[in-house]
file coords-v3.txt (compact mmCIF, N, CA and C atoms)
# COMPACT_ATOMS: atom_id res chain seq x y z
N GLN A 1 8.06 5.23 -16.70
CA GLN A 1 7.26 5.98 -15.73
C GLN A 1 5.98 5.19 -15.44
N VAL A 2 5.67 5.07 -14.16
CA VAL A 2 4.47 4.36 -13.73
C VAL A 2 3.57 5.34 -13.00
N GLN A 3 2.32 5.35 -13.36
CA GLN A 3 1.35 6.15 -12.63
C GLN A 3 0.51 5.24 -11.74
N LEU A 4 0.32 5.68 -10.52
CA LEU A 4 -0.43 4.91 -9.55
C LEU A 4 -1.63 5.73 -9.09
N VAL A 5 -2.78 5.10 -9.05
CA VAL A 5 -4.00 5.80 -8.61
C VAL A 5 -4.69 4.96 -7.55
N GLU A 6 -4.81 5.54 -6.37
CA GLU A 6 -5.48 4.86 -5.27
C GLU A 6 -6.98 5.16 -5.28
N SER A 7 -7.75 4.23 -4.75
CA SER A 7 -9.17 4.43 -4.57
C SER A 7 -9.65 3.55 -3.43
N GLY A 8 -10.88 3.80 -2.99
CA GLY A 8 -11.46 2.96 -1.96
C GLY A 8 -11.47 3.55 -0.56
N GLY A 9 -10.88 4.72 -0.41
CA GLY A 9 -10.90 5.35 0.90
C GLY A 9 -12.28 5.87 1.24
N GLY A 10 -12.43 6.32 2.48
CA GLY A 10 -13.71 6.86 2.89
C GLY A 10 -13.82 6.93 4.40
N LEU A 11 -15.04 7.12 4.85
CA LEU A 11 -15.35 7.21 6.28
C LEU A 11 -15.97 5.90 6.75
N VAL A 12 -15.45 5.37 7.83
CA VAL A 12 -15.95 4.11 8.35
C VAL A 12 -15.91 4.16 9.88
N GLN A 13 -16.81 3.44 10.50
CA GLN A 13 -16.81 3.39 11.96
C GLN A 13 -15.74 2.43 12.46
N ALA A 14 -15.31 2.67 13.67
CA ALA A 14 -14.33 1.77 14.28
C ALA A 14 -14.87 0.34 14.27
N GLY A 15 -13.98 -0.58 13.94
CA GLY A 15 -14.38 -1.98 13.83
C GLY A 15 -14.78 -2.38 12.41
N GLY A 16 -14.95 -1.40 11.56
CA GLY A 16 -15.35 -1.67 10.19
C GLY A 16 -14.19 -2.04 9.29
N SER A 17 -14.50 -2.18 8.00
CA SER A 17 -13.51 -2.60 7.01
C SER A 17 -13.55 -1.72 5.77
N LEU A 18 -12.42 -1.66 5.12
CA LEU A 18 -12.32 -0.98 3.83
C LEU A 18 -11.30 -1.75 2.99
N ARG A 19 -11.48 -1.68 1.68
CA ARG A 19 -10.46 -2.23 0.78
C ARG A 19 -9.97 -1.12 -0.13
N LEU A 20 -8.69 -0.84 -0.04
CA LEU A 20 -8.07 0.14 -0.91
C LEU A 20 -7.54 -0.55 -2.15
N SER A 21 -7.61 0.16 -3.25
CA SER A 21 -7.12 -0.37 -4.52
C SER A 21 -6.11 0.60 -5.10
N CYS A 22 -5.10 0.06 -5.75
CA CYS A 22 -4.08 0.88 -6.40
C CYS A 22 -3.94 0.40 -7.84
N ALA A 23 -4.34 1.23 -8.77
CA ALA A 23 -4.24 0.90 -10.19
C ALA A 23 -2.93 1.41 -10.75
N ALA A 24 -2.20 0.53 -11.42
CA ALA A 24 -0.89 0.88 -11.97
C ALA A 24 -0.96 0.93 -13.49
N SER A 25 -0.45 2.01 -14.07
CA SER A 25 -0.48 2.18 -15.53
C SER A 25 0.80 1.65 -16.15
N THR A 26 0.96 0.37 -16.11
CA THR A 26 2.14 -0.25 -16.70
C THR A 26 1.80 -1.66 -17.14
N ARG A 27 2.41 -2.08 -18.25
CA ARG A 27 2.20 -3.46 -18.71
C ARG A 27 3.14 -4.43 -18.01
N THR A 28 4.08 -3.87 -17.27
CA THR A 28 5.05 -4.71 -16.57
C THR A 28 4.82 -4.67 -15.07
N PHE A 29 3.57 -4.63 -14.67
CA PHE A 29 3.21 -4.53 -13.25
C PHE A 29 3.85 -5.63 -12.43
N SER A 30 4.00 -6.79 -13.01
CA SER A 30 4.55 -7.92 -12.27
C SER A 30 6.02 -7.73 -11.93
N ASN A 31 6.66 -6.71 -12.49
CA ASN A 31 8.06 -6.43 -12.21
C ASN A 31 8.28 -5.45 -11.06
N TYR A 32 7.19 -5.05 -10.43
CA TYR A 32 7.28 -4.06 -9.36
C TYR A 32 6.86 -4.65 -8.03
N ALA A 33 7.69 -4.44 -7.02
CA ALA A 33 7.22 -4.67 -5.66
C ALA A 33 6.31 -3.51 -5.29
N MET A 34 5.29 -3.78 -4.50
CA MET A 34 4.31 -2.75 -4.17
C MET A 34 4.25 -2.55 -2.66
N GLY A 35 3.95 -1.34 -2.28
CA GLY A 35 3.84 -1.04 -0.86
C GLY A 35 2.70 -0.07 -0.60
N TRP A 36 2.25 -0.07 0.64
CA TRP A 36 1.27 0.90 1.11
C TRP A 36 1.87 1.64 2.31
N PHE A 37 1.67 2.94 2.29
CA PHE A 37 2.12 3.80 3.38
C PHE A 37 0.97 4.71 3.78
N ARG A 38 1.10 5.35 4.92
CA ARG A 38 0.07 6.28 5.34
C ARG A 38 0.70 7.47 6.04
N GLN A 39 -0.04 8.56 6.04
CA GLN A 39 0.49 9.79 6.62
C GLN A 39 -0.63 10.64 7.19
N VAL A 40 -0.38 11.16 8.38
CA VAL A 40 -1.28 12.12 9.00
C VAL A 40 -0.58 13.47 9.01
N PRO A 41 -1.33 14.56 9.02
CA PRO A 41 -0.70 15.88 8.97
C PRO A 41 0.29 16.08 10.11
N GLY A 42 1.46 16.60 9.75
CA GLY A 42 2.47 16.89 10.75
C GLY A 42 3.34 15.72 11.12
N GLU A 43 3.08 14.57 10.53
CA GLU A 43 3.89 13.39 10.84
C GLU A 43 4.53 12.84 9.57
N GLU A 44 5.54 12.01 9.78
CA GLU A 44 6.19 11.39 8.64
C GLU A 44 5.31 10.29 8.04
N ARG A 45 5.54 10.06 6.77
CA ARG A 45 4.83 8.97 6.12
C ARG A 45 5.35 7.64 6.68
N GLU A 46 4.43 6.79 7.08
CA GLU A 46 4.85 5.54 7.71
C GLU A 46 4.42 4.33 6.89
N PHE A 47 5.22 3.31 7.03
CA PHE A 47 4.99 2.07 6.32
C PHE A 47 3.79 1.33 6.87
N VAL A 48 3.03 0.71 5.98
CA VAL A 48 1.89 -0.10 6.39
C VAL A 48 2.08 -1.56 5.97
N ALA A 49 2.30 -1.78 4.67
CA ALA A 49 2.42 -3.15 4.16
C ALA A 49 3.13 -3.15 2.83
N ALA A 50 3.73 -4.29 2.48
CA ALA A 50 4.41 -4.41 1.19
C ALA A 50 4.28 -5.84 0.69
N ILE A 51 4.38 -5.98 -0.63
CA ILE A 51 4.28 -7.29 -1.25
C ILE A 51 5.29 -7.38 -2.38
N SER A 52 5.90 -8.55 -2.52
CA SER A 52 6.94 -8.75 -3.52
C SER A 52 6.35 -8.87 -4.93
N TRP A 53 7.25 -8.83 -5.92
CA TRP A 53 6.86 -9.02 -7.33
C TRP A 53 5.96 -10.23 -7.47
N ASN A 54 6.43 -11.33 -6.92
CA ASN A 54 5.75 -12.62 -7.16
C ASN A 54 4.57 -12.82 -6.24
N GLY A 55 4.29 -11.84 -5.40
CA GLY A 55 3.11 -11.93 -4.56
C GLY A 55 3.21 -12.89 -3.40
N ILE A 56 4.37 -13.48 -3.23
CA ILE A 56 4.51 -14.51 -2.19
C ILE A 56 4.92 -13.93 -0.85
N ASN A 57 5.83 -12.98 -0.90
CA ASN A 57 6.33 -12.41 0.35
C ASN A 57 5.64 -11.10 0.69
N THR A 58 5.27 -10.97 1.95
CA THR A 58 4.61 -9.76 2.43
C THR A 58 5.26 -9.31 3.73
N VAL A 59 5.15 -8.03 3.98
CA VAL A 59 5.67 -7.42 5.21
C VAL A 59 4.60 -6.48 5.73
N PHE A 60 4.43 -6.45 7.04
CA PHE A 60 3.43 -5.58 7.65
C PHE A 60 4.03 -4.81 8.81
N ALA A 61 3.53 -3.61 9.01
CA ALA A 61 3.86 -2.87 10.22
C ALA A 61 3.22 -3.58 11.40
N ASP A 62 3.87 -3.53 12.53
CA ASP A 62 3.33 -4.20 13.73
C ASP A 62 1.94 -3.70 14.07
N SER A 63 1.69 -2.43 13.80
CA SER A 63 0.41 -1.83 14.18
C SER A 63 -0.78 -2.37 13.39
N VAL A 64 -0.50 -3.03 12.27
CA VAL A 64 -1.60 -3.52 11.42
C VAL A 64 -1.60 -5.04 11.26
N LYS A 65 -0.61 -5.70 11.80
CA LYS A 65 -0.54 -7.16 11.67
C LYS A 65 -1.79 -7.81 12.23
N GLY A 66 -2.30 -8.76 11.46
CA GLY A 66 -3.49 -9.46 11.88
C GLY A 66 -4.79 -8.75 11.51
N ARG A 67 -4.68 -7.50 11.07
CA ARG A 67 -5.88 -6.74 10.69
C ARG A 67 -5.90 -6.39 9.21
N PHE A 68 -4.73 -6.14 8.65
CA PHE A 68 -4.62 -5.74 7.24
C PHE A 68 -3.98 -6.87 6.44
N THR A 69 -4.40 -6.98 5.20
CA THR A 69 -3.73 -7.88 4.26
C THR A 69 -3.44 -7.12 2.97
N ILE A 70 -2.40 -7.53 2.30
CA ILE A 70 -2.01 -6.92 1.03
C ILE A 70 -2.02 -8.00 -0.04
N SER A 71 -2.45 -7.62 -1.22
CA SER A 71 -2.48 -8.57 -2.32
C SER A 71 -2.28 -7.83 -3.64
N ARG A 72 -2.13 -8.59 -4.71
CA ARG A 72 -1.94 -7.97 -6.02
C ARG A 72 -2.57 -8.85 -7.09
N ASP A 73 -2.95 -8.23 -8.18
CA ASP A 73 -3.56 -8.95 -9.29
C ASP A 73 -2.88 -8.48 -10.57
N GLY A 74 -2.06 -9.34 -11.15
CA GLY A 74 -1.30 -8.98 -12.34
C GLY A 74 -2.14 -8.90 -13.60
N ILE A 75 -3.34 -9.44 -13.56
CA ILE A 75 -4.20 -9.38 -14.74
C ILE A 75 -4.79 -7.98 -14.90
N VAL A 76 -5.18 -7.38 -13.78
CA VAL A 76 -5.77 -6.04 -13.85
C VAL A 76 -4.79 -4.97 -13.37
N ASN A 77 -3.56 -5.37 -13.09
CA ASN A 77 -2.52 -4.42 -12.68
C ASN A 77 -2.92 -3.59 -11.47
N ARG A 78 -3.35 -4.29 -10.43
CA ARG A 78 -3.75 -3.60 -9.21
C ARG A 78 -3.13 -4.25 -7.98
N ALA A 79 -2.91 -3.41 -7.00
CA ALA A 79 -2.55 -3.87 -5.67
C ALA A 79 -3.69 -3.47 -4.73
N TYR A 80 -3.86 -4.26 -3.68
CA TYR A 80 -4.97 -4.03 -2.76
C TYR A 80 -4.48 -4.02 -1.33
N LEU A 81 -5.20 -3.26 -0.51
CA LEU A 81 -4.97 -3.30 0.92
C LEU A 81 -6.32 -3.51 1.58
N GLN A 82 -6.52 -4.71 2.09
CA GLN A 82 -7.75 -5.02 2.80
C GLN A 82 -7.55 -4.68 4.27
N MET A 83 -8.38 -3.79 4.78
CA MET A 83 -8.25 -3.32 6.16
C MET A 83 -9.48 -3.74 6.95
N THR A 84 -9.28 -4.44 8.03
CA THR A 84 -10.37 -4.86 8.90
C THR A 84 -10.10 -4.40 10.33
N SER A 85 -11.14 -4.49 11.16
CA SER A 85 -11.03 -4.07 12.56
C SER A 85 -10.37 -2.70 12.67
N LEU A 86 -10.85 -1.80 11.85
CA LEU A 86 -10.23 -0.48 11.80
C LEU A 86 -10.38 0.27 13.11
N LYS A 87 -9.37 1.07 13.41
CA LYS A 87 -9.33 1.85 14.63
C LYS A 87 -9.20 3.34 14.26
N PRO A 88 -9.60 4.22 15.15
CA PRO A 88 -9.44 5.65 14.85
C PRO A 88 -8.00 6.04 14.53
N GLU A 89 -7.06 5.34 15.13
CA GLU A 89 -5.66 5.67 14.85
C GLU A 89 -5.20 5.22 13.46
N ASP A 90 -6.05 4.53 12.74
CA ASP A 90 -5.73 4.18 11.35
C ASP A 90 -6.08 5.33 10.40
N THR A 91 -6.71 6.36 10.93
CA THR A 91 -7.06 7.52 10.11
C THR A 91 -5.82 8.16 9.53
N ALA A 92 -5.80 8.32 8.21
CA ALA A 92 -4.63 8.87 7.52
C ALA A 92 -4.94 8.95 6.03
N VAL A 93 -4.04 9.58 5.30
CA VAL A 93 -4.04 9.46 3.85
C VAL A 93 -3.16 8.26 3.51
N TYR A 94 -3.70 7.36 2.73
CA TYR A 94 -2.99 6.14 2.36
C TYR A 94 -2.45 6.26 0.94
N TYR A 95 -1.18 5.91 0.81
CA TYR A 95 -0.50 5.99 -0.48
C TYR A 95 -0.01 4.61 -0.91
N CYS A 96 -0.14 4.32 -2.19
CA CYS A 96 0.54 3.14 -2.69
C CYS A 96 1.82 3.55 -3.40
N ALA A 97 2.76 2.64 -3.47
CA ALA A 97 4.06 2.93 -4.05
C ALA A 97 4.57 1.70 -4.78
N ALA A 98 5.41 1.94 -5.78
CA ALA A 98 5.96 0.86 -6.59
C ALA A 98 7.49 0.94 -6.59
N ASP A 99 8.11 -0.22 -6.52
CA ASP A 99 9.56 -0.31 -6.49
C ASP A 99 10.00 -1.22 -7.63
N GLU A 100 10.85 -0.71 -8.50
CA GLU A 100 11.26 -1.47 -9.68
C GLU A 100 12.64 -2.10 -9.54
N THR A 101 13.26 -1.97 -8.38
CA THR A 101 14.64 -2.45 -8.26
C THR A 101 14.80 -3.66 -7.35
N LEU A 102 13.77 -4.00 -6.61
CA LEU A 102 13.91 -5.13 -5.70
C LEU A 102 13.91 -6.44 -6.46
N GLY A 103 14.44 -7.46 -5.83
CA GLY A 103 14.38 -8.79 -6.38
C GLY A 103 12.96 -9.30 -6.40
N TYR A 104 12.71 -10.33 -7.20
CA TYR A 104 11.35 -10.79 -7.44
C TYR A 104 10.64 -11.28 -6.19
N ASP A 105 11.40 -11.67 -5.18
CA ASP A 105 10.76 -12.20 -3.98
C ASP A 105 10.97 -11.31 -2.76
N SER A 106 11.28 -10.04 -3.00
CA SER A 106 11.57 -9.13 -1.91
C SER A 106 10.45 -8.11 -1.71
N ALA A 107 10.23 -7.78 -0.46
CA ALA A 107 9.30 -6.72 -0.10
C ALA A 107 10.00 -5.86 0.95
N THR A 108 9.80 -4.56 0.90
CA THR A 108 10.53 -3.69 1.80
C THR A 108 9.61 -2.67 2.47
N SER A 109 9.96 -2.33 3.70
CA SER A 109 9.24 -1.30 4.44
C SER A 109 9.92 0.07 4.31
N ASP A 110 11.05 0.12 3.63
CA ASP A 110 11.83 1.36 3.52
C ASP A 110 11.26 2.24 2.44
N ARG A 111 10.66 3.35 2.76
CA ARG A 111 10.02 4.19 1.75
C ARG A 111 11.03 4.78 0.76
N ARG A 112 12.31 4.83 1.14
CA ARG A 112 13.32 5.36 0.23
C ARG A 112 13.56 4.44 -0.96
N GLU A 113 13.14 3.20 -0.83
CA GLU A 113 13.34 2.24 -1.91
C GLU A 113 12.34 2.41 -3.04
N TYR A 114 11.24 3.06 -2.75
CA TYR A 114 10.15 3.12 -3.72
C TYR A 114 10.37 4.24 -4.74
N ASP A 115 10.05 3.91 -5.98
CA ASP A 115 10.34 4.82 -7.09
C ASP A 115 9.14 5.64 -7.53
N TYR A 116 7.95 5.11 -7.33
CA TYR A 116 6.74 5.78 -7.81
C TYR A 116 5.70 5.80 -6.71
N TRP A 117 4.94 6.89 -6.67
CA TRP A 117 3.92 7.08 -5.63
C TRP A 117 2.62 7.57 -6.23
N GLY A 118 1.53 7.14 -5.61
CA GLY A 118 0.24 7.67 -5.97
C GLY A 118 -0.06 8.96 -5.23
N GLN A 119 -1.24 9.50 -5.48
CA GLN A 119 -1.65 10.77 -4.88
C GLN A 119 -2.29 10.59 -3.50
N GLY A 120 -2.69 9.38 -3.18
CA GLY A 120 -3.24 9.11 -1.87
C GLY A 120 -4.75 9.09 -1.84
N THR A 121 -5.28 8.37 -0.86
CA THR A 121 -6.71 8.32 -0.63
C THR A 121 -6.96 8.43 0.87
N GLN A 122 -7.93 9.23 1.24
CA GLN A 122 -8.18 9.49 2.67
C GLN A 122 -9.00 8.36 3.30
N VAL A 123 -8.54 7.91 4.44
CA VAL A 123 -9.28 6.95 5.25
C VAL A 123 -9.54 7.61 6.60
N THR A 124 -10.80 7.67 6.98
CA THR A 124 -11.17 8.25 8.27
C THR A 124 -11.98 7.23 9.04
N VAL A 125 -11.51 6.93 10.25
CA VAL A 125 -12.18 5.96 11.10
C VAL A 125 -12.75 6.70 12.30
N SER A 126 -14.06 6.67 12.44
CA SER A 126 -14.71 7.37 13.54
C SER A 126 -14.87 6.44 14.74
N SER A 127 -14.82 7.02 15.92
CA SER A 127 -14.93 6.21 17.14
C SER A 127 -16.38 6.07 17.59
call {"tool": "encode", "arguments": {"input": "coords-v3.txt", "output": "structure tokens"}}
result
Amino acid sequence: QVQLVESGGGLVQAGGSLRLSCAASTRTFSNYAMGWFRQVPGEEREFVAAISWNGINTVFADSVKGRFTISRDGIVNRAYLQMTSLKPEDTAVYYCAADETLGYDSATSDRREYDYWGQGTQVTVSS
């Protein structure tokens, strides 16, 4: 069982930046592919970004390409989502997720693949 805790959300003006952090309670963090998703009330949870076990391969939603980056640090067992040039439409609750079944160099946008989820952190972008 892996517990994930997100942090770093908040209120920011359009054009600003935030860095979300996801702390994983596992000694085998390097064995998990990680992903970030977001959800607004009344809508489905949507994919944002993902990173493979080995940190080499990444996948991004078209809506965030060029603005968001995803990274991971196996020493502190954290995944990060650096968000820049934020827009009001980025407003959502952001969730991190961990996948223990993918290959070491795979990253996926399919939320059904993920085995563990955090509780989410709110990001609000004002216009």
call {"tool": "closest_residue", "arguments": {"input": "coords-v3.txt", "among": "A:Glu44, A:Leu81, A:Ser106, A:Gly15", "to": "Ser126 (chain A)", "atoms": "all atoms listed in the file"}}
result
A:Gly15
call {"tool": "closest_residue", "arguments": {"input": "coords-v3.txt", "among": "A:Thr121, A:Ser7, A:Ser63, A:Thr69", "to": "Cys22 (chain A)", "atoms": "only N, CA and C atoms"}}
result
A:Ser7
call {"tool": "select_by_dssp", "arguments": {"input": "coords-v3.txt", "residues": "chain A", "states": "helix (DSSP H, G or I)", "output": "PyMOL selection string"}}
result
chain A and resi 29-31+88-90+111-113
call {"tool": "select_by_dssp", "arguments": {"input": "coords-v3.txt", "residues": "chain A", "states": "strand (DSSP E)", "output": "number ranges by chain"}}
result
A: 4-7, 10-13, 18-24, 33-39, 46-51, 58-60, 68-73, 78-83, 92-99, 116-117, 121-126
call {"tool": "atom_distance", "arguments": {"input": "coords-v3.txt", "atom1": "atom N of Arg67 (chain A)", "atom2": "CA of Thr101 (chain A)"}}
result
27.8 Å
call {"tool": "residues_around", "arguments": {"input": "coords-v3.txt", "residues": "Ser17 (chain A)", "least_positions_apart": "5", "cutoff": "7 Å", "atoms": "all atoms listed in the file", "output": "number ranges by chain"}}
result
A: 12, 82-86
call {"tool": "atom_distance", "arguments": {"input": "coords-v3.txt", "atom1": "CA of Ala79 (chain A)", "atom2": "CA of Ala14 (chain A)"}}
result
23.8 Å
call {"tool": "atom_distance", "arguments": {"input": "coords-v3.txt", "atom1": "atom C of Arg111 (chain A)", "atom2": "atom C of Gly66 (chain A)"}}
result
23.4 Å
call {"tool": "closest_residue", "arguments": {"input": "coords-v3.txt", "among": "A:Val64, A:Ala92, A:Leu4, A:Ile51", "to": "Tyr104 (chain A)", "atoms": "all atoms listed in the file"}}
result
A:Ile51
call {"tool": "residues_around", "arguments": {"input": "coords-v3.txt", "residues": "Asp105 (chain A)", "least_positions_apart": "3", "cutoff": "6.5 Å", "atoms": "all atoms listed in the file", "output": "PyMOL selection string"}}
result
chain A and resi 52-54+57+102
